[in-house]
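**Student:** Before we start, here is the structure in question, set down as structure tokens.
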Amino acid sequence: MSTTGLGRKRMHWTLAIVVLATAAGAVAEVRVQDIARLQGQRTNKLMGYGLVVGLNGTGDGGKNEHTMRALMAIHRKFHQPVLSADELKNANNVALVVVEATIPEFGAREGQTIDVAVSAFSAKSIKGGRLLTTPLQFTAFDENDPATQQILGFAGGWVDLPDLSVLTRGIIRGGCTLEADFFYNFILDGYVTLVLDEEHAGFQWAQLVARAINHELINPTEIRAQARKAKEAGRVVVAPSVADALGPKNIRVRIPPYELAKPAGFISRVLQTHVFMTPKQPARVCINRTTGHVSFTGAVTISPTILQLPGLGTLAVGSAPAKSRGGAAQGGGGVEFQELLNTLSKLQLQPAQMVETIEHLHRTGTLHAQLIYME
């Protein structure tokens, strides 16, 4: 890579270049559970409105009508009715809050306690406050659907502020006691379905995961038994696969009949299966517009080209195409993206200049990679 007129003007900005690569000869062990989840494996949200009391004058009880109505309702429920809202005009030690709890991705049982998040509406601070007992329901509450109106947990307790720079959001460790069981169904008609995460979704990954599971979990005894029965019946049997890739994200896994009564062990072995081959990473260049950082994966290359860098001069990337006697180009040698980044970083370009150079190469078709932006 040659330069002309470079180095005349020294820049005082540098750009962080991140190279995502593994050491030569290193083989990463990738398990199915590292790149996929079970269909049905998900979290659920519970929510409710409550009151935090015991504040040191930082509440909104004396000025927020919603808070005052909620406080009046509690007084009425416990046979201490408030006759006029004026009676609560000085209740600045109370704050109306929204309370949220997350059911774990594998479900939960009645009586189990989970954390709750508490967020104030208009109070200045909920520091030092205590959440009164608050019923929680599914976030998808529907007045016409009785199933969503069930009280599924009760939350309460002292509010802890993990970030003292934010006084209106807190957490109560183990603050919600569940009033119902949450069971998630992972098995449908004798199958479980694996869902690849977005970073690994693709036909290559799906096929390699299915192949690894088949290699690891096909039962030779079962195959021999089926072959014997087929031979006695005068038929030819093809060994059934355990796992089949249904698309770029989903792999369906058949649970053997003898495992259906207690499928947990088989599902565990599926998730622990090592993917012994991994597809080549696609060529991608990622630009973070906020920090100016550039990262890339895969074999990113650049065709021979000439760059004119304002204020710095001319940069020749790769070898120029040779000319034949007839004047036709004979081709030239491109360079790896890493080599270009090394050269540009030595010139101490400002982050904006570096990004503009990469974008220019992409627009002209010289950069052979996907260009992705992150914030």
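Chain labels follow the order of the structure tokens: the first chain is A, the next B, and so on; residue numbering restarts at 1 in every chain, and ligands are counted from 1 in their shown order.
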Can you pull out the residues contacting stretch 296-309 of chain A? Cut-off 6 Å, using only C-alpha atoms, and skip same-chain residues under 4 positions away; I want them as number ranges by chain.

**Tutor:** A: 20, 281-286, 313-319, 334-337, 366-369

**Student:** May I have the selected residues written with C-alpha atoms, as a CSV table (one decimal), in the first residue's frame?

**Tutor:**
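So the final result, stored in result33.csv, reads:
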```csv
chain,number,residue,atom,x,y,z
A,20,LEU,CA,-12.9,-9.7,16.0
A,281,GLN,CA,-18.6,-15.7,9.4
A,282,PRO,CA,-20.1,-13.4,6.7
A,283,ALA,CA,-17.9,-10.4,5.8
A,284,ARG,CA,-19.3,-7.5,7.8
A,285,VAL,CA,-18.0,-4.1,8.7
A,286,CYS,CA,-19.8,-2.5,11.7
A,313,GLY,CA,-2.7,13.3,-0.3
A,314,THR,CA,-3.2,10.1,-2.3
A,315,LEU,CA,-3.3,6.5,-1.1
A,316,ALA,CA,-3.0,3.6,-3.4
A,317,VAL,CA,-4.8,0.5,-2.1
A,318,GLY,CA,-3.6,-2.8,-3.7
A,319,SER,CA,-1.7,-3.2,-6.9
A,334,GLY,CA,-6.6,-6.4,-3.6
A,335,VAL,CA,-5.8,-6.1,0.1
A,336,GLU,CA,-7.4,-7.3,3.4
A,337,PHE,CA,-9.4,-4.7,5.2
A,366,THR,CA,-14.6,-1.6,-3.6
A,367,LEU,CA,-15.4,-2.8,-0.1
A,368,HIS,CA,-16.6,-6.4,-0.3
A,369,ALA,CA,-18.7,-6.7,2.8
```

**Student:** Residues within 7 Å of A:Leu96, please, as a PyMOL selection string. Count only C-alpha atoms; anything in the same chain fewer than 2 positions from it doesn't count.

**Tutor:** chain A and resi 50-52+67+94+120-121

**Student:** Please return as a PyMOL selection string: the residues of stretch 27-136 of chain A that backbone DSSP assigns to strand (DSSP E).

**Tutor:** chain A and resi 36-38+44-53+95-103+113-120+130-136

**Student:** Write out as a ChimeraX atom specification all residues of stretch 108-285 of chain A that backbone DSSP assigns to helix (DSSP H, G or I).

**Tutor:** /A:146-148,198-200,203-217,220-232,257-259,264-272

**Student:** Could you check which of A:Gln338, A:Gln39, A:Thr273, A:Gln350 is closest to A:Arg252, using only C-alpha atoms?

**Tutor:**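 The shortest atom-to-atom distance to A:Arg252 comes from A:Gln39.
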
**Student:** Check the smallest atom-to-atom distance from each of A:Ile267, A:Ala95, A:Ile35, A:Ile74 to A:Ser122 using only C-alpha atoms, then report the winner.

**Tutor:**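 Of the candidates, the smallest distance to A:Ser122 is held by A:Ala95.
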